[in-house]
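Enquirer: Below you'll find coords.txt; it's compact mmCIF, C-alpha atoms and all ligand atoms.
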# COMPACT_ATOMS: atom_id res chain seq x y z
CA ASN F 288 83.81 111.98 75.97
CA LYS F 289 86.83 114.21 76.65
CA GLN F 290 89.60 113.59 74.12
CA ILE F 291 93.18 114.78 73.52
CA ILE F 292 93.65 115.61 69.82
CA LEU F 293 96.92 116.15 67.97
CA ARG F 294 96.48 119.46 66.14
CA ASP F 295 99.09 118.93 63.41
CA TYR F 296 102.45 117.33 62.70
CA ILE F 297 105.22 118.98 64.67
CA GLU F 298 108.92 119.78 64.50
CA GLY F 299 111.30 120.04 67.45
CA SER F 300 110.26 119.43 71.03
CA PRO F 301 106.55 118.80 71.60
CA LYS F 302 104.58 121.59 73.28
CA GLU F 303 101.33 121.41 75.21
CA THR F 304 99.70 123.60 72.53
CA ASP F 305 100.40 120.90 69.91
CA MET F 306 97.53 119.03 71.56
CA THR F 307 94.04 120.19 72.41
CA LEU F 308 91.24 118.89 74.61
CA GLU F 309 87.90 118.44 72.87
CA VAL F 310 84.60 116.95 73.93
CA ALA F 311 82.75 114.52 71.65
CA LYS F 312 79.46 112.65 72.09
CA ILE F 313 79.74 108.92 72.73
CA ASN F 314 77.19 106.12 72.82
CA LEU F 315 77.98 103.82 75.74
CA ASN F 316 76.56 100.81 73.87
CA ILE F 317 78.27 99.28 70.87
CA GLN F 318 76.11 99.76 67.79
CA PRO F 319 75.64 98.24 65.34
CA ARG F 320 76.53 94.87 66.79
CA SER F 321 77.97 92.13 64.63
CA SER F 322 75.70 89.12 64.60
CA PRO F 323 76.33 86.62 66.00
CA SER F 324 78.82 87.96 68.58
CA SER F 325 82.29 86.95 67.44
CA SER F 326 85.94 87.03 68.46
CA GLY F 327 86.44 89.80 65.88
CA GLY F 328 83.96 92.26 67.40
CA ALA F 329 84.76 95.60 69.04
CA VAL F 330 84.95 96.46 72.73
CA LEU F 331 84.07 99.74 74.39
CA VAL F 332 86.39 100.60 77.27
CA LYS F 333 86.61 103.20 80.00
CA ASN F 334 90.24 104.29 80.19
CA LEU F 335 91.67 104.21 83.72
CA TYR F 336 95.39 104.86 83.14
CA LEU F 337 97.32 106.10 80.10
CA SER F 338 101.02 105.83 79.40
CA CYS F 339 103.33 108.64 78.25
CA ASP F 340 106.23 107.24 76.22
CA PRO F 341 109.05 108.95 74.29
CA TYR F 342 108.27 107.01 71.07
CA MET F 343 104.99 108.97 70.85
CA ARG F 344 107.01 112.03 69.80
CA GLY F 345 108.13 110.02 66.76
CA ARG F 346 104.48 109.50 65.80
CA MET F 347 103.87 113.27 65.79
CA ARG F 348 105.85 113.81 62.60
CA ASN F 349 104.84 113.01 59.04
CA PHE F 350 107.26 110.14 58.57
CA HIS F 351 106.12 106.74 57.36
CA GLY F 352 109.48 104.92 57.38
CA SER F 353 109.46 103.90 61.05
CA TYR F 354 108.26 100.69 62.71
CA ILE F 355 105.01 102.41 63.70
CA PRO F 356 102.88 104.80 61.57
CA PRO F 357 102.42 108.49 62.46
CA PHE F 358 99.34 109.77 64.30
CA SER F 359 96.66 111.44 62.18
CA PRO F 360 96.40 115.20 62.79
CA GLY F 361 92.90 116.06 64.03
CA SER F 362 92.50 112.62 65.60
CA VAL F 363 92.72 111.31 69.14
CA ILE F 364 96.26 110.47 70.27
CA GLU F 365 96.85 106.74 70.70
CA GLY F 366 98.89 105.08 73.39
CA PHE F 367 99.10 102.21 75.82
CA GLY F 368 96.44 102.18 78.51
CA VAL F 369 94.79 100.15 81.23
CA SER F 370 91.04 100.15 80.74
CA LYS F 371 87.79 98.60 81.92
CA VAL F 372 85.43 96.95 79.43
CA VAL F 373 82.02 98.67 79.60
CA ASP F 374 80.45 96.99 76.56
CA SER F 375 81.60 94.17 74.36
CA ASP F 376 80.73 92.65 71.03
CA ASN F 377 83.62 90.22 71.36
CA GLU F 378 83.32 86.83 73.00
CA ASN F 379 86.89 87.10 74.38
CA PHE F 380 86.09 90.14 76.54
CA LYS F 381 83.20 90.63 78.93
CA ILE F 382 81.85 93.71 80.71
CA GLY F 383 84.00 94.44 83.78
CA ASP F 384 87.19 92.87 82.38
CA ILE F 385 90.33 94.96 82.94
CA VAL F 386 92.50 95.05 79.83
CA THR F 387 95.74 96.64 78.70
CA GLY F 388 96.82 97.50 75.17
CA MET F 389 96.52 100.28 72.59
CA THR F 390 93.75 102.72 73.38
CA GLY F 391 92.98 106.41 72.84
CA TRP F 392 93.79 109.48 74.95
CA GLU F 393 90.13 109.92 75.87
CA GLU F 394 87.71 108.89 78.61
CA TYR F 395 86.08 106.10 76.59
CA SER F 396 87.46 104.29 73.52
CA LEU F 397 85.83 101.99 71.02
CA ILE F 398 88.54 99.47 70.17
CA HIS F 399 88.29 97.44 66.99
CA LYS F 400 91.85 96.10 66.97
CA THR F 401 91.31 93.87 69.97
CA GLU F 402 94.33 91.65 69.12
CA SER F 403 96.49 94.16 71.00
CA LEU F 404 94.41 93.82 74.17
CA ARG F 405 95.50 91.59 77.02
CA LYS F 406 93.30 90.78 80.00
CA ILE F 407 94.81 91.62 83.38
CA GLN F 408 94.21 89.04 86.09
CA SER F 409 93.47 90.72 89.40
CA ASP F 410 96.20 90.46 92.02
CA ASP F 411 97.79 92.81 94.52
CA ILE F 412 99.92 94.66 91.96
CA PRO F 413 98.60 98.16 91.09
CA LEU F 414 96.87 98.26 87.70
CA SER F 415 99.02 101.16 86.45
CA TYR F 416 102.14 98.97 86.76
CA HIS F 417 100.94 97.22 83.59
CA LEU F 418 102.03 100.35 81.70
CA GLY F 419 105.58 100.20 83.07
CA LEU F 420 107.08 97.47 85.20
CA LEU F 421 104.77 94.80 83.72
CA GLY F 422 104.15 96.51 80.38
CA MET F 423 106.02 97.69 77.33
CA PRO F 424 108.86 99.56 79.14
CA GLY F 425 109.56 96.67 81.52
CA PHE F 426 109.49 94.26 78.60
CA THR F 427 111.90 96.55 76.72
CA ALA F 428 114.30 96.42 79.67
CA TYR F 429 113.97 92.62 79.91
CA THR F 430 114.48 91.83 76.23
CA GLY F 431 117.12 94.51 75.70
CA PHE F 432 119.16 93.37 78.65
CA TYR F 433 118.92 89.58 78.39
CA GLU F 434 118.49 89.12 74.63
CA VAL F 435 120.61 91.93 73.18
CA CYS F 436 123.23 92.82 75.82
CA CYS F 437 124.16 89.13 76.35
CA PRO F 438 125.29 89.95 79.91
CA LYS F 439 127.77 87.97 81.97
CA LYS F 440 128.14 88.03 85.72
CA GLY F 441 130.71 90.56 86.88
CA GLU F 442 130.51 92.77 83.79
CA TYR F 443 130.52 96.56 83.96
CA VAL F 444 127.19 98.01 82.83
CA PHE F 445 126.27 101.62 82.12
CA VAL F 446 122.64 102.77 81.71
CA SER F 447 121.57 106.27 80.59
CA ALA F 448 118.19 107.87 81.47
CA ALA F 449 118.61 105.36 84.25
CA SER F 450 115.81 106.46 86.57
CA GLY F 451 113.18 106.35 83.82
CA ALA F 452 110.67 103.65 82.94
CA VAL F 453 113.12 101.41 81.08
CA GLY F 454 116.37 102.43 82.79
CA GLN F 455 115.32 101.70 86.36
CA ILE F 456 114.43 98.10 85.41
CA VAL F 457 117.55 97.54 83.30
CA GLY F 458 119.79 98.62 86.17
CA GLN F 459 118.06 96.35 88.65
CA LEU F 460 118.09 93.34 86.29
CA ALA F 461 121.81 93.94 85.78
CA LYS F 462 122.38 94.02 89.55
CA LEU F 463 120.38 90.79 89.97
CA HIS F 464 122.61 89.29 87.27
CA GLY F 465 125.73 90.09 89.28
CA CYS F 466 126.96 93.04 87.22
CA TYR F 467 128.52 96.31 88.38
CA VAL F 468 126.03 99.01 87.39
CA VAL F 469 126.31 102.78 86.98
CA GLY F 470 123.50 105.05 85.79
CA SER F 471 123.25 108.62 84.56
CA ALA F 472 120.29 110.93 85.11
CA GLY F 473 119.48 114.62 84.88
CA THR F 474 118.85 115.73 88.49
CA SER F 475 120.37 115.09 91.92
CA GLN F 476 117.02 113.68 93.09
CA LYS F 477 117.21 111.03 90.35
CA VAL F 478 120.87 110.26 91.13
CA ASP F 479 119.88 109.76 94.76
CA LEU F 480 117.12 107.34 93.70
CA LEU F 481 119.56 105.36 91.57
CA LYS F 482 122.05 104.95 94.38
CA ASN F 483 119.76 104.62 97.38
CA LYS F 484 116.54 103.09 96.06
CA PHE F 485 117.33 101.10 92.93
CA GLY F 486 120.68 99.79 94.23
CA PHE F 487 122.96 101.03 91.43
CA ASP F 488 126.62 100.87 92.44
CA ASP F 489 127.18 104.45 91.33
CA ALA F 490 125.41 107.24 89.44
CA PHE F 491 126.06 110.75 88.15
CA ASN F 492 124.10 113.79 87.05
CA TYR F 493 125.18 114.31 83.45
CA LYS F 494 123.90 117.89 83.48
CA GLU F 495 126.40 118.82 86.18
CA GLU F 496 129.41 117.19 84.55
CA SER F 497 131.53 119.57 82.50
CA ASN F 498 133.17 116.58 80.78
CA ILE F 499 131.14 113.39 80.25
CA ASP F 500 134.22 111.45 79.17
CA ALA F 501 135.91 112.30 82.47
CA ALA F 502 132.78 111.30 84.43
CA LEU F 503 132.73 107.91 82.70
CA LYS F 504 136.46 107.41 83.35
CA ARG F 505 135.85 108.24 87.03
CA CYS F 506 132.99 105.71 87.32
CA PHE F 507 134.56 103.04 85.09
CA PRO F 508 138.37 103.18 85.47
CA GLN F 509 138.47 99.70 83.92
CA GLY F 510 136.00 100.56 81.09
CA ILE F 511 132.44 99.56 80.18
CA ASP F 512 131.38 96.08 78.98
CA ILE F 513 127.73 96.92 78.29
CA TYR F 514 126.14 100.25 77.48
CA PHE F 515 122.33 100.28 77.53
CA ASP F 516 121.69 103.44 75.52
CA ASN F 517 118.45 105.32 76.09
CA VAL F 518 119.63 108.75 74.96
CA GLY F 519 122.13 108.69 72.04
CA GLY F 520 123.98 111.91 71.13
CA GLU F 521 126.84 113.26 73.23
CA MET F 522 126.54 110.51 75.85
CA LEU F 523 126.87 107.74 73.27
CA ASP F 524 129.87 109.47 71.72
CA ALA F 525 131.62 109.66 75.10
CA VAL F 526 130.76 106.04 75.93
CA LEU F 527 132.42 104.91 72.68
CA LEU F 528 135.72 106.17 74.10
CA ASN F 529 135.26 104.14 77.28
CA MET F 530 134.18 100.72 76.03
CA ARG F 531 136.19 97.61 76.78
CA THR F 532 137.29 95.14 74.12
CA HIS F 533 134.35 92.98 72.95
CA GLY F 534 131.91 95.34 74.66
CA ARG F 535 128.27 95.61 73.59
CA ILE F 536 126.24 98.74 72.99
CA THR F 537 122.50 98.07 73.01
CA VAL F 538 120.70 100.95 71.37
CA CYS F 539 117.28 101.02 72.97
CA GLY F 540 116.40 104.65 72.25
CA MET F 541 117.83 108.05 71.50
CA VAL F 542 115.58 110.42 73.38
CA SER F 543 118.07 113.30 72.88
CA GLN F 544 117.68 112.92 69.11
CA LEU F 545 113.90 112.49 68.91
CA THR F 546 113.31 116.24 68.81
CA LEU F 547 115.97 116.98 66.16
CA SER F 548 115.42 116.94 62.38
CA TYR F 549 118.73 115.09 61.85
CA SER F 550 120.68 112.92 64.30
CA GLU F 551 123.85 114.55 65.59
CA GLY F 552 126.98 113.07 64.11
CA LEU F 553 129.12 110.79 66.29
CA LYS F 554 132.85 111.48 66.29
CA ASN F 555 134.01 108.30 67.96
CA VAL F 556 132.30 105.52 65.99
CA TYR F 557 135.70 104.33 64.75
CA MET F 558 136.22 102.89 68.27
CA LEU F 559 133.94 100.01 67.22
CA ILE F 560 136.87 98.57 65.28
CA PRO F 561 139.87 98.43 67.63
CA LYS F 562 137.61 97.49 70.57
CA ARG F 563 135.63 94.91 68.51
CA ILE F 564 132.43 96.44 69.91
CA LYS F 565 129.05 95.03 68.91
CA MET F 566 126.40 97.74 68.60
CA GLN F 567 122.79 96.69 68.07
CA GLY F 568 119.43 98.41 67.99
CA PHE F 569 116.28 96.49 68.85
CA ILE F 570 112.49 96.85 69.09
CA GLN F 571 110.81 95.12 72.00
CA SER F 572 107.84 93.91 69.93
CA ASP F 573 110.13 91.52 68.00
CA TYR F 574 110.33 89.41 71.16
CA LEU F 575 106.65 89.10 72.11
CA HIS F 576 106.98 85.31 72.38
CA LEU F 577 109.00 86.01 75.56
CA PHE F 578 106.22 88.03 77.22
CA PRO F 579 104.94 85.24 79.53
CA GLN F 580 108.44 84.45 80.85
CA PHE F 581 109.10 88.18 81.28
CA LEU F 582 105.95 88.59 83.40
CA LYS F 583 106.86 85.62 85.58
CA HIS F 584 110.45 86.79 86.09
CA ILE F 585 109.49 90.36 86.99
CA ILE F 586 106.49 89.48 89.16
CA ASP F 587 108.51 86.90 91.12
CA ASN F 588 111.33 89.36 91.75
CA TYR F 589 108.95 92.23 92.54
CA LYS F 590 107.00 90.14 95.06
CA GLN F 591 110.24 89.09 96.74
CA GLY F 592 111.22 92.75 97.06
CA LYS F 593 114.17 92.31 94.69
CA ILE F 594 112.84 94.82 92.16
CA ILE F 595 111.61 98.27 93.17
CA TYR F 596 109.44 100.32 90.84
CA ILE F 597 108.75 104.05 90.78
CA GLU F 598 106.10 105.74 88.71
CA ASP F 599 105.20 109.40 88.29
CA MET F 600 101.40 109.65 88.33
CA ASN F 601 99.68 112.75 86.93
CA GLU F 602 95.99 113.17 87.66
CA GLY F 603 93.46 113.88 84.91
CA LEU F 604 93.28 113.48 81.15
CA GLU F 605 93.66 117.26 80.75
CA ASN F 606 97.18 116.96 82.20
CA ALA F 607 98.31 114.31 79.70
CA PRO F 608 99.84 116.78 77.19
CA SER F 609 102.07 118.45 79.81
CA ALA F 610 103.16 115.02 81.10
CA LEU F 611 104.14 113.90 77.61
CA VAL F 612 106.00 117.17 76.97
CA GLY F 613 107.81 116.75 80.30
CA LEU F 614 109.52 113.54 79.15
CA PHE F 615 111.75 115.64 76.90
CA SER F 616 112.97 117.93 79.68
CA GLY F 617 113.32 115.17 82.26
CA LYS F 618 110.37 116.38 84.39
CA ASN F 619 109.21 112.83 85.09
CA VAL F 620 110.65 111.00 88.07
CA GLY F 621 110.10 107.35 87.19
CA LYS F 622 107.59 105.97 84.71
CA GLN F 623 105.16 108.69 83.54
CA VAL F 624 101.50 107.68 83.71
CA ILE F 625 98.17 109.52 83.75
CA ARG F 626 95.23 108.55 85.91
CA VAL F 627 92.07 109.22 83.91
CA ALA F 628 89.58 107.51 86.24
CA HIS F 629 89.76 105.57 89.50
CA SER F 630 87.55 102.65 88.41
P1 LIG Z 701 111.95 107.79 80.52
O1 LIG Z 701 110.97 107.38 81.56
O2 LIG Z 701 113.40 107.51 80.77
O3 LIG Z 701 111.73 109.33 80.21
C1 LIG Z 701 112.56 110.01 79.33
C2 LIG Z 701 113.81 110.53 80.07
O4 LIG Z 701 114.81 110.80 79.10
C3 LIG Z 701 113.62 111.84 80.79
O5 LIG Z 701 113.06 111.69 82.08
C4 LIG Z 701 115.03 112.39 80.85
O6 LIG Z 701 115.68 111.87 82.01
C5 LIG Z 701 115.70 111.76 79.62
N1 LIG Z 701 115.94 112.77 78.59
C6 LIG Z 701 115.04 113.58 77.97
N2 LIG Z 701 115.65 114.38 77.07
C7 LIG Z 701 116.98 114.07 77.12
C8 LIG Z 701 118.13 114.55 76.43
N3 LIG Z 701 118.04 115.50 75.49
N4 LIG Z 701 119.33 114.01 76.74
C9 LIG Z 701 119.44 113.05 77.67
N5 LIG Z 701 118.38 112.55 78.36
C10 LIG Z 701 117.17 113.06 78.08
O7 LIG Z 701 111.58 107.12 79.14
P2 LIG Z 701 111.47 105.54 78.82
O8 LIG Z 701 112.15 104.78 79.87
O9 LIG Z 701 110.07 105.24 78.50
O10 LIG Z 701 112.31 105.41 77.48
C11 LIG Z 701 113.73 105.39 77.52
C12 LIG Z 701 114.26 105.17 76.12
O11 LIG Z 701 113.87 103.88 75.65
C13 LIG Z 701 113.75 106.17 75.09
O12 LIG Z 701 114.80 106.53 74.24
C14 LIG Z 701 112.70 105.38 74.35
O13 LIG Z 701 112.50 105.88 73.05
C15 LIG Z 701 113.34 104.00 74.36
N6 LIG Z 701 112.41 102.88 74.15
C16 LIG Z 701 112.76 101.95 73.21
C17 LIG Z 701 111.99 100.84 72.99
C18 LIG Z 701 112.43 99.82 72.01
O14 LIG Z 701 111.70 98.85 71.74
N7 LIG Z 701 113.61 99.96 71.43
C19 LIG Z 701 110.73 100.65 73.73
C20 LIG Z 701 110.49 101.64 74.78
C21 LIG Z 701 111.32 102.73 74.96
P3 LIG Z 701 116.90 112.68 82.70
O15 LIG Z 701 116.30 113.64 83.67
O16 LIG Z 701 117.69 111.60 83.33
O17 LIG Z 701 117.63 113.39 81.59
Could you spell out this file's structure in structure tokens?
Ligand code: NDP

Expert:
Amino acid sequence: NKQIILRDYIEGSPKETDMTLEVAKINLNIQPRSSPSSSGGAVLVKNLYLSCDPYMRGRMRNFHGSYIPPFSPGSVIEGFGVSKVVDSDNENFKIGDIVTGMTGWEEYSLIHKTESLRKIQSDDIPLSYHLGLLGMPGFTAYTGFYEVCCPKKGEYVFVSAASGAVGQIVGQLAKLHGCYVVGSAGTSQKVDLLKNKFGFDDAFNYKEESNIDAALKRCFPQGIDIYFDNVGGEMLDAVLLNMRTHGRITVCGMVSQLTLSYSEGLKNVYMLIPKRIKMQGFIQSDYLHLFPQFLKHIIDNYKQGKIIYIEDMNEGLENAPSALVGLFSGKNVGKQVIRVAHS
């Protein structure tokens, strides 16, 4: 059983050498079995697809004050996956079922915490989409946009890291809602995707702008009603200068700050007062009761061709560390996933 192990807690940006590939023996039958078979028993899965997500960097440091505990150095990295059940001691899952939920960065995983697993019903949507469009990132976009941004038709919406897993969905939901939407991204290829594939009204490459404030003023001469923040830092500070009265800043993530020991200070926070801006962070898992309606909304729109989805698929478990590292330099174009096995 090939496995990706976190060597030790890290500081700064993750590097491929922070992780190592090891091979361990695995028994492809669950033993010992609980008797009689119960809904609390374990399942053994073959991992087909694994997800690379920015929050995983947060789990690589020795910090216990977050909403999710750190990884254990010397242990297999955990993450969302799509997997096939190959043995089961749990009456809710049978051999051959395809499931998604928390699994390990390895070929086969023995999962005891089966509460996190959800069976995937077979349809014509690719299985890997359950790690993005129909999984945690898509759900983040859905809950962040509808529940936290409180959008109104005709409002001016700005999304950062806009071509990524969360951003591409947020922008398209905002367009479907009748908003004017601008995105920022870090390459001209991504800007082109935003404008010509995802249907954003405008987009800019923040790495090529000498003055972010000026870029925002160019794209939003009338100001911004909603900022869906995926990056924090300098971008957030510039957005604060360009918000409209009663605007909302939804803080989804701060990928630019994840690799720093301390968050950079913001100079323009005082703008919250004269502009009466509401700024709110959120965690998608607080809204899990909305998951069924999220799936219906996204699947309906996807099947009608109203939502486009782009993923960046890397082949092979051994390439998972470089894919994860790449999130922090913007190497991924779309949602980053790893194919571990075809079936
Ligand atoms: P992405 O697919 O967008 O990948 C990360 C992207 O971030 C990169 O491709 C890069 O895009 C951009 N980026 C990396 N480093 C920097 C930097 N220093 N400054 C600016 N941009 C940078 O990731 P996700 O869509 O999965 O996640 C987006 C955000 O949402 C993250 O902050 C994540 O932590 C957060 N999140 C929050 C959740 C919640 O419940 N609150 C749940 C899930 C995600 P580019 O080339 O455009 O710079």

Enquirer: In Å, rounded to a single decimal, give me how far CA of Lys439 (chain F) is from CA of His584 (chain F).

Expert: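 Atom-to-atom, CA of His584 (chain F) and CA of Lys439 (chain F) are spaced 17.8 Å apart.
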
Enquirer: What does the distance between CA of Leu335 (chain F) and CA of Gly388 (chain F) come to in Å, to one decimal place?

Expert: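 Calculated distance between CA of Leu335 (chain F) and CA of Gly388 (chain F) is 12.0 Å.
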
Enquirer: May I ask you to write as a ChimeraX atom specification all residues lying at most 6 Å from ligand LIG 701 (chain Z), with only C-alpha atoms and all ligand atoms counted?

Expert: /F:340-342,424,427,448,451-454,472-474,517-518,539-543,569-571,614-619,621-622

Enquirer: Restricting it to C-alpha atoms, dump the selection as a PDB file, in the frame of the given file.

Expert:
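Ended up saving to result-v9.pdb:
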ATOM      1  CA  ASP F 340     106.230 107.240  76.220  1.00  0.00           C
ATOM      2  CA  PRO F 341     109.050 108.950  74.290  1.00  0.00           C
ATOM      3  CA  TYR F 342     108.270 107.010  71.070  1.00  0.00           C
ATOM      4  CA  PRO F 424     108.860  99.560  79.140  1.00  0.00           C
ATOM      5  CA  THR F 427     111.900  96.550  76.720  1.00  0.00           C
ATOM      6  CA  ALA F 448     118.190 107.870  81.470  1.00  0.00           C
ATOM      7  CA  GLY F 451     113.180 106.350  83.820  1.00  0.00           C
ATOM      8  CA  ALA F 452     110.670 103.650  82.940  1.00  0.00           C
ATOM      9  CA  VAL F 453     113.120 101.410  81.080  1.00  0.00           C
ATOM     10  CA  GLY F 454     116.370 102.430  82.790  1.00  0.00           C
ATOM     11  CA  ALA F 472     120.290 110.930  85.110  1.00  0.00           C
ATOM     12  CA  GLY F 473     119.480 114.620  84.880  1.00  0.00           C
ATOM     13  CA  THR F 474     118.850 115.730  88.490  1.00  0.00           C
ATOM     14  CA  ASN F 517     118.450 105.320  76.090  1.00  0.00           C
ATOM     15  CA  VAL F 518     119.630 108.750  74.960  1.00  0.00           C
ATOM     16  CA  CYS F 539     117.280 101.020  72.970  1.00  0.00           C
ATOM     17  CA  GLY F 540     116.400 104.650  72.250  1.00  0.00           C
ATOM     18  CA  MET F 541     117.830 108.050  71.500  1.00  0.00           C
ATOM     19  CA  VAL F 542     115.580 110.420  73.380  1.00  0.00           C
ATOM     20  CA  SER F 543     118.070 113.300  72.880  1.00  0.00           C
ATOM     21  CA  PHE F 569     116.280  96.490  68.850  1.00  0.00           C
ATOM     22  CA  ILE F 570     112.490  96.850  69.090  1.00  0.00           C
ATOM     23  CA  GLN F 571     110.810  95.120  72.000  1.00  0.00           C
ATOM     24  CA  LEU F 614     109.520 113.540  79.150  1.00  0.00           C
ATOM     25  CA  PHE F 615     111.750 115.640  76.900  1.00  0.00           C
ATOM     26  CA  SER F 616     112.970 117.930  79.680  1.00  0.00           C
ATOM     27  CA  GLY F 617     113.320 115.170  82.260  1.00  0.00           C
ATOM     28  CA  LYS F 618     110.370 116.380  84.390  1.00  0.00           C
ATOM     29  CA  ASN F 619     109.210 112.830  85.090  1.00  0.00           C
ATOM     30  CA  GLY F 621     110.100 107.350  87.190  1.00  0.00           C
ATOM     31  CA  LYS F 622     107.590 105.970  84.710  1.00  0.00           C
TER      32      LYS F 622
END

Enquirer: Could you pull the residues within 12 Å of Glu521 (chain F), counting all atoms listed in the file, minus those fewer than 6 positions along the same chain, as a PyMOL selection string?

Expert: chain F and resi 447+493-494+498-500+527-528+541-544+550-556

Enquirer: Export, as an mmCIF file, keeping the file's coordinate frame, the selected residues with C-alpha atoms.

Expert:
data_model
loop_
_atom_site.group_PDB
_atom_site.id
_atom_site.type_symbol
_atom_site.label_atom_id
_atom_site.label_comp_id
_atom_site.auth_asym_id
_atom_site.auth_seq_id
_atom_site.Cartn_x
_atom_site.Cartn_y
_atom_site.Cartn_z
ATOM 1 C CA SER F 447 121.570 106.270 80.590
ATOM 2 C CA TYR F 493 125.180 114.310 83.450
ATOM 3 C CA LYS F 494 123.900 117.890 83.480
ATOM 4 C CA ASN F 498 133.170 116.580 80.780
ATOM 5 C CA ILE F 499 131.140 113.390 80.250
ATOM 6 C CA ASP F 500 134.220 111.450 79.170
ATOM 7 C CA LEU F 527 132.420 104.910 72.680
ATOM 8 C CA LEU F 528 135.720 106.170 74.100
ATOM 9 C CA MET F 541 117.830 108.050 71.500
ATOM 10 C CA VAL F 542 115.580 110.420 73.380
ATOM 11 C CA SER F 543 118.070 113.300 72.880
ATOM 12 C CA GLN F 544 117.680 112.920 69.110
ATOM 13 C CA SER F 550 120.680 112.920 64.300
ATOM 14 C CA GLU F 551 123.850 114.550 65.590
ATOM 15 C CA GLY F 552 126.980 113.070 64.110
ATOM 16 C CA LEU F 553 129.120 110.790 66.290
ATOM 17 C CA LYS F 554 132.850 111.480 66.290
ATOM 18 C CA ASN F 555 134.010 108.300 67.960
ATOM 19 C CA VAL F 556 132.300 105.520 65.990
#

Enquirer: So, counting only C-alpha atoms, which residue among F:Leu404, F:Val478, F:Val444, F:Ile364 is closest to Gln509 (chain F)?

Expert: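 Smallest separation from Gln509 (chain F) among the options: F:Val444.
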
Enquirer: Taking (91.8, 92.0, 66.1) in the file's coordinates, which residues come within 9 Å, counting only C-alpha atoms, written as a list in words?

Expert: Ser326, Gly327, Gly328, Ala329, His399, Lys400, Thr401, Glu402, Ser403 and Leu404 of chain F

Enquirer: Could you jot down the CA of Gly534 (chain F) to CA of Gly465 (chain F) separation for me, Å, one decimal place?

Expert: 16.7 Å

Enquirer: Can you tell me which residues surround region 483-492 of chain F at a distance of at most 7 Å, considering only C-alpha atoms, apart from same-chain residues fewer than 2 positions away, and format the answer as an MDAnalysis selection string?

Expert: chainID F and resid 455 458:459 467:475 478:481 494:496 595

Enquirer: Tell me which of F:Ser362, F:Thr546, F:Gln591, F:Gln580 sits closest to Gly299 (chain F), counting only C-alpha atoms.

Expert: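 For Gly299 (chain F), the nearest of the given residues is F:Thr546.
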
Enquirer: Using all atoms listed in the file, which residue out of F:Lys565, F:Arg294, F:His351, F:Lys371 lies closest to Val330 (chain F)?

Expert: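 That would be F:Lys371, the residue with the smallest distance to Val330 (chain F).
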
Enquirer: Can you work out which one of F:Gly422, F:Gly366, F:Gly568, F:Gly391 has the shortest atom-to-atom distance to Ile585 (chain F), counting all atoms listed in the file?

Expert: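 Closest to Ile585 (chain F) of all the choices is F:Gly422.
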
Enquirer: Give me, as a list in words, all polymer residues having an atom no more than 9 Å from Leu460 (chain F), counting only C-alpha atoms and skipping those fewer than 4 positions away in the same chain.

Expert: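 Contacts, in chain order: Ala428, Tyr429, Phe432, Tyr433, Gln455, Ile456, His464, Gly465, Cys466 and Ile594 of chain F.
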
Enquirer: In terms of the shortest atom-to-atom distance over all atoms listed in the file, which of F:Lys381, F:Leu547, F:Ile586, F:Tyr443 is closest to Gly510 (chain F)?

Expert: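 That would be F:Tyr443, the residue with the smallest distance to Gly510 (chain F).
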
Enquirer: Find the residues around His417 (chain F) up to 9 Å (all atoms listed in the file counted), leave out those fewer than 5 positions away in its own chain, and share them as a list in words.

Expert: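 Everything that qualifies: Gly368, Val369, Thr387, Ile407, Ile412, Gly422, Met423 and Gly425 of chain F.
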
Enquirer: If we count only C-alpha atoms and set the cut-off at 12 Å, which residues sit around region 332-334 of chain F, ignoring sequence neighbours fewer than 4 positions away in its own chain? Please answer as a ChimeraX atom specification.

Expert: /F:288-290,313-317,338,365-376,380-399,401,404,414-415,603-604,625-630

Enquirer: Let me make sure I understand: among F:Met347, F:Ile292, F:Leu577, F:Met530, which one has the smallest atom-to-atom distance to Phe445 (chain F) if we use all atoms listed in the file?

Expert: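 Distance minimum relative to Phe445 (chain F) lands on F:Met530.
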